[in-house]
Protein chains: 2
Amino acid sequence: MIKMPYLLFLGDAVDQLAVKVGQGIKDWRSEQSIGQLRLAECNADLGLPDLTLEQGLEKGAKTLVISVANRGGLLSYAWKEVLIDALNQGYDLASGLHNRLSDDSDLVTVANQNDRQLHDVRVPSVKFPIANGKKRSGKRVLGVGTDCSIGKMYTGLALHKEMNSRGMKSTFRSTGQTGILISGDGIPLDAIVADFMSGAVEWLTPSNDDDHWDIIEGQGSLFHVSYSGVTLALIHGGQPDALILCHEPTRQTMRGLPDYHLPSLKDLRSTALSLARIANPDCQVIGISVNTKHLEDNQYESYLNQIEMKLELPTVDPFRQGAERLVDVLQAMT
Amino acid sequence: MIKMPYLLFLGDAVDQLAVKVGQGIKDWRSEQSIGQLRLAECNADLGLPDLTLEQGLEKGAKTLVISVANRGGLLSYAWKEVLIDALNQGYDLASGLHNRLSDDSDLVTVANQNDRQLHDVRVPSVKFPIANGKKRSGKRVLGVGTDCSIGKMYTGLALHKEMNSRGMKSTFRSTGQTGILISGDGIPLDAIVADFMSGAVEWLTPSNDDDHWDIIEGQGSLFHVSYSGVTLALIHGGQPDALILCHEPTRQTMRGLPDYHLPSLKDLRSTALSLARIANPDCQVIGISVNTKHLEDNQYESYLNQIEMKLELPTVDPFRQGAERLVDVLQAMT
């Protein structure tokens with residue numbers, strides 16, 4: 001577990017998109033996001049108080065989270081002085097970058113001197129088993145997308161928030177770097193060796209109370225040829241009882257694949273459901289989550305209504321509207 | 001590339017099943033399999049000449065291949081004296097075991113002293129890219145199974161043999177340890193990190209002449225919940241033009257999953273084809289390969305006829321009958 005609360009390090013972010021990880025943490029753990037720490041060259045702003053390392057400590061921060069991605073996802077030389085200062089002052093560090101904090105001998109030395117932790121959330125920390133496919137108790141819900149980066153994590157977090165507010169038993173099960181930083185633990189599924197992907201998802205979502213919901217963070221898309229294998233491992237390892245279709249209506253082509261168009265929601269429904277029923281014959285598609293961020297206020301409701309009539313499934317933007325209508329269906333299943 | 005010909009080391013194999021890797025090499029590279037080397041306790045026999053290390057060298061062997069798997073897939077202490085002798089006498093070593101030759105400091109030292117190679121075929125040797133999904137020239141065929149370990153590699157090797165005998169341009173593209181030992185190179189797909197599976201398959205099967213066939217070794221099954229993600233990465237990275245359905249009619253439940261039954265060939269056809277067409281809209285299922293090893297001589301032909309009538313696709317046991325009828329279809333596609 002990564003210790004909270006966090007001070008979010010935005011470094012020398014070139015633009016707001018570069019602090020997407022920080023935005024996710026602030027959106028879903030605002031109470032654990034004490035402030036932001038920016039270098040002089042930083043062009044991003046999360047709207048949090050600008051704090052020095054000393055001020056962050058005074059307000060109770062335990063971990064400095066690298067909440068920025070630069071080109072290539074590498075650790076930047078420009079950040080290093082701040083990171084070493086943070087360790088010396090008593091912070092742990094957490095990072096979802098491709099290269100590891102623990103591969104930097106200076107950081108390792110200073111962390112050891114101060115008895116501090118370096119959390120590389122992209123690095124699997126467990127030796128996962130091969131999946132055994134055995135039926136587990138408890139309920140599981142998973143978001144599947146018409147594309148990558150389409151709102152699956154936000155959908156899951158909105159479900160979790162709503163279940164919490166109703167006093168339902170639920171756990172958000174992170175499968176990616178931002179999700180892990182938000183929830184404090186999870187598995188970095190895209191960094192796990194192929195043979196163990198499905199087993200890692202089984203490990204993440206063990207047997208539980210019959211009325212407990214695991215909300216599994218979705219990854220990739222069955223229709224995205226770069227990552228579809230990860231998605232299928234998630235479906236078969238997670239053996240979900242419920243699927244939620246996730247979509248972004250203004251996306252023209254698949255992310256990073258300019259020659260590929262998004263599937264229709266109907267195609268996604270039939271493909272995902274037939275594959276999910278291999279692992280769980282009772283699986284159902286229970287609703288649709290649309291990321292309407294790029295639609296105007298006067299457009300998005302009519303768009304959601306259209307989809308709802310066409311697919312005959314509850315259709316919401318859970319970030320804009322909350323996940324009440326989706327949780328209504330899930331609650332009725334337990 | 002692993003240097004051939006091979007001397008096959010069967011060690012102290014407990015039974016014939018333990019030398020499955022060696023059987024595959026002998027079945028498909030008999031001309032490169034100079035002989036077998038067995039310890040006194042060995043209970044397996046590939047029917048090759050029993051040779052000492054010295055005799056193997058005299059006959060031209062270049063690599064001693066660990067062709068036996070013991071419990072756990074680990075390097076056995078009982079073998080080590082032979083392996084060190086082999087390096088000292090001038091052999092390279094090749095292994096598909098889970099633990100690596102290159103993690104054994106004694107073997108590494110002796111290999112370096114003698115300027116010999118240690119080939120761990122389960123270990124990816126390349127930094128693979130993320131898949132880009134771009135259409136590549138040339139043709140590709142892939143076997144997809146109703147289960148794992150059902151004859152996909154043998155089907156591919158039989159296609160390759162038949163294409164070679166017709167003078168067609170083709171390459172067998174190995175994706176697993178035995179295939180790599182048989183063909184001398186390839187990628188160990190199940191050992192590759194999730195994000196790079198599909199990209200590794202693209203790397204393995206690059207653009208080629210329009211009349212060249214890549215015969216891609218299949219892995220896992222879309223219906224096997226432990227490995228289905230690997231299979232889908234293979235389908236989307238390989239963007240096959242042709243699929244061959246692979247089946248074993250006496251299998252009762254999925255390998256290692258006693259609660260799961262095999263899908264019908266019709267279900268496999270529709271599921272695999274709809275997923276394959278995401279990456280290659282022209283993909284077709286062109287035939288069926290049945291492993292009839294466990295059917296009697298007077299049974300297997302009527303079984304194949306039944307399947308052929310039901311599915312309306314050429315249906316053969318390529319190991320028993322050759323792959324002529326499957327290659328007829330593929331040849332007509334180029």
# chains A, B, ... in the order shown; residues from 1 in each chain; ligands from 1
>>> residues_around(residues="stretch 153-167 of chain B", least_positions_apart="4", cutoff="8 Å", atoms="only C-alpha atoms", output="VMD selection string")
chain B and resid 28 142 to 143 171 to 172 179 215 to 218 246 289 318 to 319 322 to 324 326 to 327
>>> write_last_selection(atoms="C-alpha atoms", output="PDB file, in the first residue's frame")
ATOM      1  CA  TRP B  28       9.984 -32.385 -37.641  1.00  0.00           C
ATOM      2  CA  LEU B 142      -2.723 -19.245 -38.263  1.00  0.00           C
ATOM      3  CA  GLY B 143      -4.106 -22.290 -36.466  1.00  0.00           C
ATOM      4  CA  THR B 171       8.332 -19.420 -43.423  1.00  0.00           C
ATOM      5  CA  PHE B 172       7.324 -21.234 -40.251  1.00  0.00           C
ATOM      6  CA  GLY B 179       8.700 -24.486 -32.195  1.00  0.00           C
ATOM      7  CA  ILE B 215       2.789 -19.962 -41.166  1.00  0.00           C
ATOM      8  CA  ILE B 216       2.271 -18.669 -37.636  1.00  0.00           C
ATOM      9  CA  GLU B 217       2.412 -21.196 -34.803  1.00  0.00           C
ATOM     10  CA  GLY B 218      -0.813 -20.949 -32.783  1.00  0.00           C
ATOM     11  CA  CYS B 246      -7.626 -27.278 -34.800  1.00  0.00           C
ATOM     12  CA  SER B 289      -7.094 -29.901 -38.777  1.00  0.00           C
ATOM     13  CA  PRO B 318      -2.200 -33.333 -41.433  1.00  0.00           C
ATOM     14  CA  PHE B 319       0.203 -35.501 -39.402  1.00  0.00           C
ATOM     15  CA  GLY B 322      -0.353 -34.667 -44.975  1.00  0.00           C
ATOM     16  CA  ALA B 323      -1.561 -31.117 -45.491  1.00  0.00           C
ATOM     17  CA  GLU B 324      -2.133 -31.251 -49.274  1.00  0.00           C
ATOM     18  CA  LEU B 326      -5.229 -27.369 -46.849  1.00  0.00           C
ATOM     19  CA  VAL B 327      -2.332 -26.087 -48.944  1.00  0.00           C
TER      20      VAL B 327
END
>>> interface_residues(of="chain B", to="chain A", cutoff="8 Å", atoms="only C-alpha atoms", output="VMD selection string")
chain B and resid 130 to 134 189 to 199 223 225 to 233 236 to 237 256 to 257 259 275 278 to 279
>>> write_last_selection(atoms="N, CA and C atoms", output="tab-separated table (two decimals), in the first residue's frame")
chain	number	residue	atom	x	y	z
B	130	ILE	N	5.20	-1.74	-29.35
B	130	ILE	CA	3.74	-1.80	-29.28
B	130	ILE	C	3.23	-2.01	-30.71
B	131	ALA	N	2.21	-2.83	-30.88
B	131	ALA	CA	1.68	-3.10	-32.23
B	131	ALA	C	1.11	-1.82	-32.84
B	132	ASN	N	1.31	-1.67	-34.16
B	132	ASN	CA	0.75	-0.49	-34.85
B	132	ASN	C	-0.42	-0.83	-35.77
B	133	GLY	N	-0.69	-2.12	-35.97
B	133	GLY	CA	-1.87	-2.53	-36.73
B	133	GLY	C	-1.83	-2.25	-38.22
B	134	LYS	N	-0.69	-1.76	-38.73
B	134	LYS	CA	-0.64	-1.43	-40.16
B	134	LYS	C	-0.69	-2.69	-41.02
B	189	LEU	N	6.13	-16.36	-27.02
B	189	LEU	CA	5.03	-15.41	-26.82
B	189	LEU	C	4.52	-15.39	-25.38
B	190	ASP	N	4.42	-16.58	-24.76
B	190	ASP	CA	3.83	-16.61	-23.42
B	190	ASP	C	4.74	-15.99	-22.36
B	191	ALA	N	5.98	-15.66	-22.74
B	191	ALA	CA	6.91	-15.04	-21.78
B	191	ALA	C	7.08	-13.55	-22.03
B	192	ILE	N	6.32	-13.01	-22.98
B	192	ILE	CA	6.45	-11.59	-23.33
B	192	ILE	C	5.49	-10.76	-22.47
B	193	VAL	N	5.91	-9.55	-22.11
B	193	VAL	CA	5.08	-8.66	-21.28
B	193	VAL	C	3.83	-8.24	-22.06
B	194	ALA	N	2.69	-8.22	-21.35
B	194	ALA	CA	1.36	-8.05	-21.94
B	194	ALA	C	1.28	-6.96	-23.02
B	195	ASP	N	1.79	-5.78	-22.73
B	195	ASP	CA	1.67	-4.64	-23.64
B	195	ASP	C	2.32	-4.89	-24.99
B	196	PHE	N	3.24	-5.83	-25.05
B	196	PHE	CA	4.07	-6.00	-26.25
B	196	PHE	C	3.77	-7.29	-27.01
B	197	MET	N	2.76	-8.06	-26.56
B	197	MET	CA	2.47	-9.35	-27.20
B	197	MET	C	2.15	-9.17	-28.68
B	198	SER	N	1.19	-8.31	-28.95
B	198	SER	CA	0.73	-8.13	-30.32
B	198	SER	C	1.85	-7.53	-31.19
B	199	GLY	N	2.60	-6.61	-30.63
B	199	GLY	CA	3.73	-6.01	-31.35
B	199	GLY	C	4.81	-7.04	-31.66
B	223	PHE	N	-10.96	-19.93	-26.10
B	223	PHE	CA	-11.90	-20.49	-25.13
B	223	PHE	C	-11.22	-21.01	-23.87
B	225	VAL	N	-9.58	-20.02	-20.57
B	225	VAL	CA	-9.54	-18.78	-19.80
B	225	VAL	C	-8.15	-18.45	-19.25
B	226	SER	N	-7.25	-19.42	-19.16
B	226	SER	CA	-5.91	-19.10	-18.65
B	226	SER	C	-5.05	-18.39	-19.69
B	227	TYR	N	-5.27	-18.69	-20.97
B	227	TYR	CA	-4.34	-18.23	-22.02
B	227	TYR	C	-5.01	-17.48	-23.17
B	228	SER	N	-6.31	-17.22	-23.08
B	228	SER	CA	-7.04	-16.65	-24.22
B	228	SER	C	-6.47	-15.31	-24.67
B	229	GLY	N	-5.93	-14.54	-23.72
B	229	GLY	CA	-5.36	-13.25	-24.08
B	229	GLY	C	-4.17	-13.39	-25.03
B	230	VAL	N	-3.38	-14.43	-24.81
B	230	VAL	CA	-2.23	-14.69	-25.68
B	230	VAL	C	-2.74	-15.01	-27.10
B	231	THR	N	-3.79	-15.80	-27.17
B	231	THR	CA	-4.35	-16.19	-28.47
B	231	THR	C	-4.88	-14.97	-29.22
B	232	LEU	N	-5.57	-14.08	-28.51
B	232	LEU	CA	-6.14	-12.92	-29.21
B	232	LEU	C	-5.02	-11.98	-29.68
B	233	ALA	N	-3.96	-11.85	-28.90
B	233	ALA	CA	-2.81	-11.03	-29.35
B	233	ALA	C	-2.20	-11.62	-30.62
B	236	HIS	N	-4.60	-10.74	-33.51
B	236	HIS	CA	-4.58	-9.33	-33.90
B	236	HIS	C	-3.20	-8.87	-34.36
B	237	GLY	N	-2.13	-9.40	-33.78
B	237	GLY	CA	-0.79	-9.06	-34.25
B	237	GLY	C	-0.47	-9.74	-35.58
B	256	GLY	N	-6.34	-28.68	-18.11
B	256	GLY	CA	-6.08	-28.02	-16.84
B	256	GLY	C	-7.30	-27.34	-16.23
B	257	LEU	N	-8.45	-27.38	-16.94
B	257	LEU	CA	-9.67	-26.71	-16.46
B	257	LEU	C	-10.83	-27.72	-16.43
B	259	ASP	N	-13.57	-27.93	-15.13
B	259	ASP	CA	-14.95	-27.44	-15.13
B	259	ASP	C	-15.38	-26.88	-16.49
B	275	LEU	N	-13.31	-11.99	-34.59
B	275	LEU	CA	-12.19	-11.27	-33.97
B	275	LEU	C	-11.06	-11.03	-34.98
B	278	ILE	N	-11.33	-7.98	-37.34
B	278	ILE	CA	-11.00	-6.64	-36.83
B	278	ILE	C	-9.65	-6.20	-37.43
B	279	ALA	N	-8.69	-7.14	-37.46
B	279	ALA	CA	-7.35	-6.80	-37.97
B	279	ALA	C	-7.23	-7.01	-39.47
>>> closest_residue(among="A:Glu31, A:Asp92, A:Asp267, A:Glu41", to="A:Asn112", atoms="only C-alpha atoms")
A:Asp92
>>> atom_distance(atom1="atom CA of B:Leu107", atom2="atom CA of B:Met4")
20.3 Å
>>> select_by_dssp(residues="stretch 59-196 of chain A", states="strand (DSSP E)", output="MDAnalysis selection string")
chainID A and resid 63:66 92:95 118:120 139:145 169:173
>>> select_by_dssp(residues="stretch 79-278 of chain B", states="helix (DSSP H, G or I)", output="ChimeraX atom specification")
/B:79-89,101-103,105-114,152-165,177-183,189-191,194-204,228-238,265-278
>>> closest_atom_pairs(of="stretch 98-169 of chain B", to="stretch 73-77 of chain B", cutoff="10 Å", atoms="only C-alpha atoms", output="tab-separated table")
residue	atom	partner	partner_atom	distance
B:His98	CA	B:Gly73	CA	5.4
B:Asn99	CA	B:Leu74	CA	5.5
B:Arg100	CA	B:Leu75	CA	7.8
B:Leu101	CA	B:Leu75	CA	7.8
B:Asp104	CA	B:Leu75	CA	9.3
>>> residues_around(residues="B:Asn114", least_positions_apart="4", cutoff="9 Å", atoms="only C-alpha atoms", output="PyMOL selection string")
chain B and resi 87-90+109-110
>>> write_last_selection(atoms="all heavy atoms", output="PDB file, in the first residue's frame")
ATOM      1  N   LEU B  87      29.720 -28.324 -22.806  1.00  0.00           N
ATOM      2  CA  LEU B  87      30.313 -27.004 -23.093  1.00  0.00           C
ATOM      3  C   LEU B  87      31.827 -27.130 -23.271  1.00  0.00           C
ATOM      4  O   LEU B  87      32.412 -26.539 -24.187  1.00  0.00           O
ATOM      5  CB  LEU B  87      30.000 -26.022 -21.952  1.00  0.00           C
ATOM      6  CG  LEU B  87      28.544 -25.563 -21.845  1.00  0.00           C
ATOM      7  CD1 LEU B  87      28.320 -24.824 -20.521  1.00  0.00           C
ATOM      8  CD2 LEU B  87      28.155 -24.666 -23.025  1.00  0.00           C
ATOM      9  N   ASN B  88      32.463 -27.926 -22.398  1.00  0.00           N
ATOM     10  CA  ASN B  88      33.917 -28.090 -22.483  1.00  0.00           C
ATOM     11  C   ASN B  88      34.335 -28.775 -23.784  1.00  0.00           C
ATOM     12  O   ASN B  88      35.412 -28.514 -24.314  1.00  0.00           O
ATOM     13  CB  ASN B  88      34.429 -28.895 -21.283  1.00  0.00           C
ATOM     14  CG  ASN B  88      34.614 -28.009 -20.057  1.00  0.00           C
ATOM     15  OD1 ASN B  88      35.001 -26.845 -20.184  1.00  0.00           O
ATOM     16  ND2 ASN B  88      34.326 -28.545 -18.883  1.00  0.00           N
ATOM     17  N   GLN B  89      33.454 -29.632 -24.310  1.00  0.00           N
ATOM     18  CA  GLN B  89      33.802 -30.346 -25.537  1.00  0.00           C
ATOM     19  C   GLN B  89      33.449 -29.554 -26.791  1.00  0.00           C
ATOM     20  O   GLN B  89      33.796 -29.970 -27.892  1.00  0.00           O
ATOM     21  CB  GLN B  89      33.104 -31.711 -25.562  1.00  0.00           C
ATOM     22  CG  GLN B  89      33.620 -32.642 -24.468  1.00  0.00           C
ATOM     23  CD  GLN B  89      33.117 -34.062 -24.652  1.00  0.00           C
ATOM     24  OE1 GLN B  89      32.857 -34.500 -25.771  1.00  0.00           O
ATOM     25  NE2 GLN B  89      32.969 -34.783 -23.557  1.00  0.00           N
ATOM     26  N   GLY B  90      32.724 -28.437 -26.634  1.00  0.00           N
ATOM     27  CA  GLY B  90      32.486 -27.589 -27.803  1.00  0.00           C
ATOM     28  C   GLY B  90      31.035 -27.450 -28.229  1.00  0.00           C
ATOM     29  O   GLY B  90      30.744 -26.851 -29.269  1.00  0.00           O
ATOM     30  N   THR B 109      30.032 -19.494 -16.589  1.00  0.00           N
ATOM     31  CA  THR B 109      31.504 -19.453 -16.541  1.00  0.00           C
ATOM     32  C   THR B 109      32.117 -20.382 -17.583  1.00  0.00           C
ATOM     33  O   THR B 109      32.993 -19.989 -18.366  1.00  0.00           O
ATOM     34  CB  THR B 109      31.982 -19.863 -15.132  1.00  0.00           C
ATOM     35  OG1 THR B 109      31.382 -18.996 -14.180  1.00  0.00           O
ATOM     36  CG2 THR B 109      33.495 -19.784 -15.019  1.00  0.00           C
ATOM     37  N   VAL B 110      31.645 -21.628 -17.612  1.00  0.00           N
ATOM     38  CA  VAL B 110      32.226 -22.611 -18.535  1.00  0.00           C
ATOM     39  C   VAL B 110      31.910 -22.246 -19.986  1.00  0.00           C
ATOM     40  O   VAL B 110      32.761 -22.406 -20.874  1.00  0.00           O
ATOM     41  CB  VAL B 110      31.738 -24.036 -18.189  1.00  0.00           C
ATOM     42  CG1 VAL B 110      32.349 -25.058 -19.144  1.00  0.00           C
ATOM     43  CG2 VAL B 110      32.100 -24.385 -16.755  1.00  0.00           C
TER      44      VAL B 110
END
>>> residues_around(residues="A:Thr334", least_positions_apart="3", cutoff="12 Å", atoms="only C-alpha atoms", output="list of chain:residue names")
A:Ser137, A:Gly138, A:Lys139, A:Arg140, A:Met168, A:Lys169, A:Ser170, A:Asp209, A:Asp210, A:Asp211, A:His212, A:Trp213, A:Asp241, A:Ala242, A:Val327, A:Asp328, A:Val329, A:Leu330, A:Gln331
>>> write_last_selection(atoms="C-alpha atoms", output="compact mmCIF listing (two decimals), in the first residue's frame")
# COMPACT_ATOMS: atom_id res chain seq x y z
CA SER A 137 -18.06 -16.26 -4.78
CA GLY A 138 -19.02 -12.58 -4.72
CA LYS A 139 -19.95 -10.33 -7.65
CA ARG A 140 -17.76 -8.59 -10.21
CA MET A 168 -22.90 -1.48 -0.28
CA LYS A 169 -19.87 -3.75 0.08
CA SER A 170 -17.47 -3.00 -2.79
CA ASP A 209 -19.10 -12.22 0.37
CA ASP A 210 -22.06 -12.98 -1.89
CA ASP A 211 -23.19 -9.35 -1.71
CA HIS A 212 -19.72 -7.86 -2.28
CA TRP A 213 -18.92 -6.19 -5.61
CA ASP A 241 -21.22 -11.01 -13.60
CA ALA A 242 -21.88 -7.62 -15.19
CA VAL A 327 -25.71 0.90 -9.45
CA ASP A 328 -29.50 0.45 -9.27
CA VAL A 329 -29.14 -2.49 -11.67
CA LEU A 330 -26.10 -3.94 -9.88
CA GLN A 331 -27.76 -3.63 -6.47
>>> residues_around(residues="B:Ser102", least_positions_apart="5", cutoff="8 Å", atoms="only C-alpha atoms", output="number ranges by chain")
B: 107-108, 118, 120
>>> residues_around(residues="A:Val285", least_positions_apart="6", cutoff="9 Å", atoms="only C-alpha atoms", output="list in words")
Asp241, Ala242, Leu243, Ile244, Leu245, Arg269, Ala272, Leu273 and Leu313 of chain A
>>> residues_around(residues="B:Thr250", least_positions_apart="6", cutoff="10 Å", atoms="only C-alpha atoms", output="PyMOL selection string")
chain B and resi 291-295
>>> write_last_selection(atoms="N, CA, C and O atoms", output="PDB file, in the first residue's frame")
ATOM      1  N   ASN B 291      -6.504 -33.698 -34.835  1.00  0.00           N
ATOM      2  CA  ASN B 291      -5.501 -34.612 -34.293  1.00  0.00           C
ATOM      3  C   ASN B 291      -6.218 -35.915 -33.939  1.00  0.00           C
ATOM      4  O   ASN B 291      -6.906 -35.997 -32.930  1.00  0.00           O
ATOM      5  N   THR B 292      -6.063 -36.947 -34.813  1.00  0.00           N
ATOM      6  CA  THR B 292      -6.819 -38.202 -34.628  1.00  0.00           C
ATOM      7  C   THR B 292      -5.975 -39.287 -33.967  1.00  0.00           C
ATOM      8  O   THR B 292      -6.326 -40.466 -34.020  1.00  0.00           O
ATOM      9  N   LYS B 293      -4.896 -38.872 -33.312  1.00  0.00           N
ATOM     10  CA  LYS B 293      -3.968 -39.828 -32.679  1.00  0.00           C
ATOM     11  C   LYS B 293      -4.694 -40.872 -31.822  1.00  0.00           C
ATOM     12  O   LYS B 293      -4.308 -42.036 -31.788  1.00  0.00           O
ATOM     13  N   HIS B 294      -5.757 -40.428 -31.126  1.00  0.00           N
ATOM     14  CA  HIS B 294      -6.442 -41.347 -30.219  1.00  0.00           C
ATOM     15  C   HIS B 294      -7.628 -42.059 -30.867  1.00  0.00           C
ATOM     16  O   HIS B 294      -8.410 -42.712 -30.184  1.00  0.00           O
ATOM     17  N   LEU B 295      -7.780 -41.915 -32.188  1.00  0.00           N
ATOM     18  CA  LEU B 295      -8.828 -42.665 -32.892  1.00  0.00           C
ATOM     19  C   LEU B 295      -8.181 -43.854 -33.613  1.00  0.00           C
ATOM     20  O   LEU B 295      -7.047 -43.771 -34.071  1.00  0.00           O
TER      21      LEU B 295
END
>>> atom_distance(atom1="atom CA of A:Leu304", atom2="atom CA of A:Val316")
6.4 Å
>>> decode(residues="stretch 191-203 of chain A", atoms="N, CA, C and O atoms", output="PDB file, in the first residue's frame")
ATOM      1  N   ALA A 191       1.976  -4.730 -17.640  1.00  0.00           N
ATOM      2  CA  ALA A 191       3.390  -5.031 -17.424  1.00  0.00           C
ATOM      3  C   ALA A 191       3.609  -6.477 -16.978  1.00  0.00           C
ATOM      4  O   ALA A 191       4.730  -6.877 -16.688  1.00  0.00           O
ATOM      5  N   ILE A 192       2.527  -7.265 -16.945  1.00  0.00           N
ATOM      6  CA  ILE A 192       2.632  -8.649 -16.477  1.00  0.00           C
ATOM      7  C   ILE A 192       2.926  -9.569 -17.660  1.00  0.00           C
ATOM      8  O   ILE A 192       2.455  -9.342 -18.773  1.00  0.00           O
ATOM      9  N   VAL A 193       3.710 -10.626 -17.426  1.00  0.00           N
ATOM     10  CA  VAL A 193       4.069 -11.578 -18.483  1.00  0.00           C
ATOM     11  C   VAL A 193       2.822 -12.334 -18.949  1.00  0.00           C
ATOM     12  O   VAL A 193       1.972 -12.726 -18.148  1.00  0.00           O
ATOM     13  N   ALA A 194       2.730 -12.517 -20.274  1.00  0.00           N
ATOM     14  CA  ALA A 194       1.531 -13.032 -20.946  1.00  0.00           C
ATOM     15  C   ALA A 194       0.873 -14.219 -20.239  1.00  0.00           C
ATOM     16  O   ALA A 194      -0.337 -14.224 -20.016  1.00  0.00           O
ATOM     17  N   ASP A 195       1.652 -15.232 -19.898  1.00  0.00           N
ATOM     18  CA  ASP A 195       1.101 -16.446 -19.317  1.00  0.00           C
ATOM     19  C   ASP A 195       0.352 -16.212 -18.004  1.00  0.00           C
ATOM     20  O   ASP A 195      -0.450 -17.046 -17.600  1.00  0.00           O
ATOM     21  N   PHE A 196       0.640 -15.113 -17.344  1.00  0.00           N
ATOM     22  CA  PHE A 196       0.127 -14.895 -15.988  1.00  0.00           C
ATOM     23  C   PHE A 196      -0.903 -13.774 -15.902  1.00  0.00           C
ATOM     24  O   PHE A 196      -1.359 -13.439 -14.814  1.00  0.00           O
ATOM     25  N   MET A 197      -1.301 -13.205 -17.054  1.00  0.00           N
ATOM     26  CA  MET A 197      -2.243 -12.081 -17.035  1.00  0.00           C
ATOM     27  C   MET A 197      -3.553 -12.483 -16.373  1.00  0.00           C
ATOM     28  O   MET A 197      -4.042 -11.825 -15.452  1.00  0.00           O
ATOM     29  N   SER A 198      -4.145 -13.544 -16.879  1.00  0.00           N
ATOM     30  CA  SER A 198      -5.452 -13.960 -16.385  1.00  0.00           C
ATOM     31  C   SER A 198      -5.364 -14.391 -14.914  1.00  0.00           C
ATOM     32  O   SER A 198      -6.239 -14.073 -14.101  1.00  0.00           O
ATOM     33  N   GLY A 199      -4.289 -15.077 -14.555  1.00  0.00           N
ATOM     34  CA  GLY A 199      -4.076 -15.496 -13.169  1.00  0.00           C
ATOM     35  C   GLY A 199      -3.919 -14.300 -12.236  1.00  0.00           C
ATOM     36  O   GLY A 199      -4.360 -14.336 -11.081  1.00  0.00           O
ATOM     37  N   ALA A 200      -3.293 -13.236 -12.740  1.00  0.00           N
ATOM     38  CA  ALA A 200      -3.131 -12.032 -11.924  1.00  0.00           C
ATOM     39  C   ALA A 200      -4.496 -11.405 -11.629  1.00  0.00           C
ATOM     40  O   ALA A 200      -4.742 -10.904 -10.524  1.00  0.00           O
ATOM     41  N   VAL A 201      -5.399 -11.442 -12.611  1.00  0.00           N
ATOM     42  CA  VAL A 201      -6.734 -10.872 -12.410  1.00  0.00           C
ATOM     43  C   VAL A 201      -7.532 -11.742 -11.425  1.00  0.00           C
ATOM     44  O   VAL A 201      -8.245 -11.218 -10.563  1.00  0.00           O
ATOM     45  N   GLU A 202      -7.377 -13.057 -11.510  1.00  0.00           N
ATOM     46  CA  GLU A 202      -8.017 -13.925 -10.507  1.00  0.00           C
ATOM     47  C   GLU A 202      -7.497 -13.589  -9.109  1.00  0.00           C
ATOM     48  O   GLU A 202      -8.265 -13.508  -8.144  1.00  0.00           O
ATOM     49  N   TRP A 203      -6.184 -13.413  -9.003  1.00  0.00           N
ATOM     50  CA  TRP A 203      -5.546 -13.090  -7.721  1.00  0.00           C
ATOM     51  C   TRP A 203      -6.089 -11.768  -7.158  1.00  0.00           C
ATOM     52  O   TRP A 203      -6.304 -11.620  -5.951  1.00  0.00           O
TER      53      TRP A 203
END
